[in-house]
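Quick look at work30.tsv (TSV, C-alpha atoms):
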chain	number	residue	atom	x	y	z
C	1	MET	CA	-51.47	6.17	-6.35
C	2	VAL	CA	-51.84	2.39	-6.24
C	3	SER	CA	-50.04	1.95	-9.58
C	4	GLU	CA	-47.09	4.02	-8.29
C	5	PHE	CA	-46.82	1.76	-5.24
C	6	LYS	CA	-46.85	-1.37	-7.44
C	7	MET	CA	-44.17	0.12	-9.66
C	8	THR	CA	-42.01	0.94	-6.67
C	9	THR	CA	-42.52	-2.54	-5.20
C	10	THR	CA	-41.74	-4.18	-8.54
C	11	SER	CA	-38.64	-2.02	-8.96
C	12	LEU	CA	-37.42	-2.99	-5.52
C	13	LEU	CA	-37.93	-6.67	-6.27
C	14	VAL	CA	-36.03	-6.40	-9.55
C	15	LEU	CA	-33.18	-4.55	-7.83
C	16	ALA	CA	-33.08	-7.16	-5.06
C	17	LEU	CA	-32.61	-9.85	-7.71
C	18	ILE	CA	-30.12	-8.00	-9.94
C	19	LEU	CA	-27.78	-6.38	-7.40
C	20	PRO	CA	-26.39	-9.63	-5.95
C	21	LEU	CA	-25.59	-10.82	-9.50
C	22	ARG	CA	-23.88	-7.53	-10.39
C	23	SER	CA	-21.83	-7.57	-7.21
C	24	LEU	CA	-20.74	-11.13	-7.94
C	25	ALA	CA	-19.40	-10.08	-11.34
C	26	SER	CA	-17.79	-6.83	-10.24
C	27	VAL	CA	-15.93	-7.87	-7.09
C	28	ALA	CA	-12.18	-8.11	-7.65
C	29	SER	CA	-10.54	-11.33	-6.54
C	30	LYS	CA	-8.94	-11.26	-3.12
C	31	THR	CA	-7.25	-13.69	-0.81
C	32	GLU	CA	-9.75	-15.33	1.52
C	33	THR	CA	-9.25	-17.55	4.55
C	34	LEU	CA	-11.25	-20.64	3.65
C	35	PRO	CA	-13.16	-23.08	5.78
C	36	PHE	CA	-11.65	-26.53	5.30
C	37	TRP	CA	-12.25	-30.09	6.45
C	38	GLU	CA	-10.00	-32.97	7.39
C	39	CYS	CA	-9.56	-35.86	4.97
C	40	SER	CA	-9.51	-38.37	7.81
C	41	SER	CA	-8.98	-38.24	11.55
C	42	ASP	CA	-5.47	-39.74	11.36
C	43	VAL	CA	-4.02	-37.22	8.87
C	44	PRO	CA	-2.90	-33.75	10.05
C	45	VAL	CA	-4.60	-30.60	8.72
C	46	PRO	CA	-3.09	-27.13	8.22
C	47	THR	CA	-3.73	-24.39	10.76
C	48	ARG	CA	-4.95	-22.02	8.03
C	49	VAL	CA	-5.85	-22.26	4.32
C	50	MET	CA	-6.08	-19.21	2.07
C	51	LEU	CA	-7.00	-18.96	-1.59
C	52	LYS	CA	-7.35	-15.96	-3.87
C	53	CYS	CA	-11.02	-16.31	-4.85
C	54	GLU	CA	-13.14	-14.27	-7.21
C	55	ARG	CA	-15.53	-14.30	-4.28
C	56	LEU	CA	-16.16	-16.40	-1.19
C	57	PHE	CA	-19.85	-17.31	-1.05
C	58	ASN	CA	-21.21	-19.47	1.80
C	59	GLY	CA	-17.79	-21.06	2.29
C	60	ILE	CA	-17.39	-21.82	-1.42
C	61	CYS	CA	-14.48	-20.22	-3.28
C	62	LEU	CA	-15.61	-19.06	-6.74
C	63	LEU	CA	-12.94	-19.50	-9.45
C	64	LYS	CA	-12.98	-18.42	-13.10
C	65	LYS	CA	-11.87	-20.64	-15.95
C	66	GLY	CA	-8.49	-19.77	-17.48
C	67	GLN	CA	-7.20	-18.09	-14.30
C	68	THR	CA	-4.48	-19.00	-11.81
C	69	TYR	CA	-5.16	-18.62	-8.09
C	70	ALA	CA	-2.68	-18.51	-5.22
C	71	LEU	CA	-3.38	-21.21	-2.61
C	72	GLU	CA	-1.54	-20.95	0.69
C	73	ALA	CA	-1.61	-23.42	3.58
C	74	GLU	CA	0.10	-22.74	6.91
C	75	PHE	CA	1.04	-25.82	8.90
C	76	THR	CA	3.38	-27.24	11.50
C	77	PRO	CA	4.61	-30.71	10.48
C	78	GLY	CA	4.25	-33.46	13.05
C	79	VAL	CA	7.31	-35.24	11.61
C	80	SER	CA	10.48	-34.28	9.80
C	81	THR	CA	10.43	-35.13	6.09
C	82	SER	CA	12.69	-35.91	3.18
C	83	ASP	CA	13.31	-33.34	0.45
C	84	LYS	CA	10.93	-35.20	-1.90
C	85	LEU	CA	7.39	-34.03	-1.22
C	86	GLN	CA	4.47	-34.53	-3.57
C	87	SER	CA	1.58	-32.08	-3.87
C	88	TYR	CA	-1.59	-33.89	-4.88
C	89	VAL	CA	-4.87	-32.14	-5.67
C	90	ALA	CA	-8.03	-33.95	-6.75
C	91	TRP	CA	-11.73	-33.48	-7.20
C	92	LYS	CA	-13.64	-35.44	-4.63
C	93	ARG	CA	-17.00	-36.89	-5.51
C	94	TRP	CA	-17.46	-40.61	-5.07
C	95	VAL	CA	-13.74	-41.15	-5.63
C	96	GLU	CA	-10.75	-38.83	-5.80
C	97	MET	CA	-9.86	-37.87	-9.38
C	98	PRO	CA	-6.49	-36.08	-9.84
C	99	ILE	CA	-6.93	-32.64	-11.37
C	100	PRO	CA	-5.15	-32.47	-14.75
C	101	GLY	CA	-2.52	-29.87	-15.57
C	102	GLN	CA	-1.15	-29.45	-12.05
C	103	THR	CA	2.45	-29.74	-10.84
C	104	TYR	CA	3.09	-32.51	-8.33
C	105	ASP	CA	6.72	-31.93	-7.28
C	106	ALA	CA	6.38	-29.66	-4.22
C	107	CYS	CA	10.08	-29.07	-3.45
C	108	PRO	CA	11.51	-26.46	-3.67
C	109	SER	CA	8.92	-24.50	-5.68
C	110	PHE	CA	5.96	-24.64	-3.28
C	111	VAL	CA	7.51	-25.39	0.12
C	112	LYS	CA	11.04	-25.33	1.59
C	113	CYS	CA	12.26	-28.90	2.00
C	114	PRO	CA	13.04	-30.89	4.01
C	115	LEU	CA	10.45	-29.99	6.65
C	116	THR	CA	11.45	-30.05	10.30
C	117	HIS	CA	9.20	-31.49	12.99
C	118	GLY	CA	7.47	-28.69	14.95
C	119	VAL	CA	8.71	-25.83	12.73
C	120	LYS	CA	5.94	-23.72	11.16
C	121	SER	CA	5.92	-23.89	7.34
C	122	THR	CA	3.92	-22.43	4.48
C	123	PHE	CA	2.87	-24.26	1.31
C	124	LYS	CA	2.23	-21.89	-1.63
C	125	TYR	CA	0.74	-23.26	-4.84
C	126	PRO	CA	-0.52	-21.63	-8.06
C	127	LEU	CA	-3.80	-23.42	-8.82
C	128	GLU	CA	-4.42	-23.30	-12.59
C	129	VAL	CA	-8.12	-23.45	-13.47
C	130	GLN	CA	-8.19	-24.91	-16.98
C	131	ASN	CA	-10.65	-23.67	-19.62
C	132	PHE	CA	-12.02	-27.19	-20.20
C	133	TRP	CA	-13.17	-27.66	-16.59
C	134	MET	CA	-16.94	-27.86	-16.29
C	135	ARG	CA	-18.77	-25.05	-14.53
C	136	ARG	CA	-19.88	-26.71	-11.31
C	137	ARG	CA	-19.09	-27.11	-7.63
C	138	TYR	CA	-16.04	-29.18	-6.80
C	139	PRO	CA	-14.89	-30.28	-3.39
C	140	MET	CA	-11.09	-30.34	-3.76
C	141	VAL	CA	-8.85	-32.55	-1.67
C	142	TRP	CA	-5.28	-31.38	-1.22
C	143	ARG	CA	-2.55	-33.67	0.06
C	144	LEU	CA	1.15	-33.08	0.75
C	145	THR	CA	2.96	-36.42	0.98
C	146	ASP	CA	6.54	-37.47	1.68
C	147	GLU	CA	7.49	-39.61	-1.34
C	148	VAL	CA	10.15	-41.52	0.63
C	149	THR	CA	8.05	-42.54	3.66
C	150	HIS	CA	4.63	-42.31	1.91
C	151	ARG	CA	3.28	-40.40	4.95
C	152	ASP	CA	0.88	-37.52	4.52
C	153	VAL	CA	2.25	-34.26	5.92
C	154	PHE	CA	-1.24	-32.78	5.69
C	155	CYS	CA	-4.54	-33.26	3.90
C	156	PHE	CA	-7.56	-30.97	3.68
C	157	ILE	CA	-10.73	-30.47	1.66
C	158	ILE	CA	-12.03	-27.13	0.40
C	159	ARG	CA	-15.18	-26.28	-1.53
C	160	THR	CA	-14.84	-24.52	-4.89
C	161	GLN	CA	-17.10	-23.59	-7.77
C	162	ILE	CA	-15.91	-22.98	-11.31
C	163	ILE	CA	-17.69	-20.02	-12.90

Just give me the structure of the file as structure tokens.
Amino acid sequence: MVSEFKMTTTSLLVLALILPLRSLASVASKTETLPFWECSSDVPVPTRVMLKCERLFNGICLLKKGQTYALEAEFTPGVSTSDKLQSYVAWKRWVEMPIPGQTYDACPSFVKCPLTHGVKSTFKYPLEVQNFWMRRRYPMVWRLTDEVTHRDVFCFIIRTQII
């Protein structure tokens, strides 16, 4: 009777360890509303940031190598802009390092330009996760900047992990 109880307890422990790993691998990617942080107090942030993650785990968006994920940021610009906006995405550790293989010209592919002060807009970007990226956690900083005035339209930081 005691050996049956130990077997059952051991089985439960093994299942408790394996099931979270299986669910991580089997969950289909879906669009998640992400927690995000401001880059600095003087730069506007979007009202909402969404990214199609493999899974959202403790506020970290899990992304697979070799895949493209749809990022979407809803925002209301505080100023009107030119029709030359730059999308800038970088890894943020000690310094910002631009992420290779991304497209920087935001107009007209990712947002309708020019932006009008006070009019709600949506920025849509296909984030390409390259196969050579290391498997690790990356805080990503995303900036939309007017190339003519050099003013940031918005800037935010999200947490990602390459799997």

Query raised in the report: Excluding same-chain residues fewer than 4 positions from region 102-115 of chain C, what lies within 10 Å of it counting all atoms listed in the file, as a ChimeraX atom specification?
Result: /C:71-73,76-90,98,119-130,144-147,153

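Picture a line from CA of Val148 (chain C) to CA of Lys92 (chain C); it runs 25.1 Å.
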
Query - Among listed residues C:Phe75, C:Phe36, C:Tyr69, C:Phe156, nearest Thr116 (chain C) (using all atoms listed in the file) - result: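 Distance minimum relative to Thr116 (chain C) lands on C:Phe75.
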
**Report entry** Of the listed residues C:Pro100, C:Ile163, C:Gly66, C:Glu74, that which approaches Glu54 (chain C) most closely, counting all atoms listed in the file
**Finding:**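 That would be C:Ile163, the residue with the smallest distance to Glu54 (chain C).
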
**Report entry** Counting all atoms listed in the file, the residue of C:Val43, C:Leu56, C:Val95, C:Val49 that sits nearest Gln161 (chain C)
**Finding:**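 The shortest atom-to-atom distance to Gln161 (chain C) comes from C:Leu56.
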
Report task. Kindly indicate which residue among C:Thr68, C:His117, C:Asp152, C:Met97 lies nearest to Asp42 (chain C), using only C-alpha atoms for the distances. Result ->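 Smallest distance to Asp42 (chain C) is found for C:Asp152.
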
Query - Atomic separation - CA of Glu96 (chain C) relative to CA of Cys39 (chain C), Å - result: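 These two atoms are separated by 11.2 Å.
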
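Interatomic distance, CA of Trp133 (chain C) against CA of Gly59 (chain C): 20.5 Å.
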
Query raised in the report: Using only C-alpha atoms, which residues sit within 12 Å of Ser41 (chain C) once same-chain residues fewer than 4 positions away are excluded, as a list in words?
Result: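 Skipping anything fewer than 4 positions along the chain leaves Trp37, Val45, Phe154, Cys155 and Phe156 of chain C.
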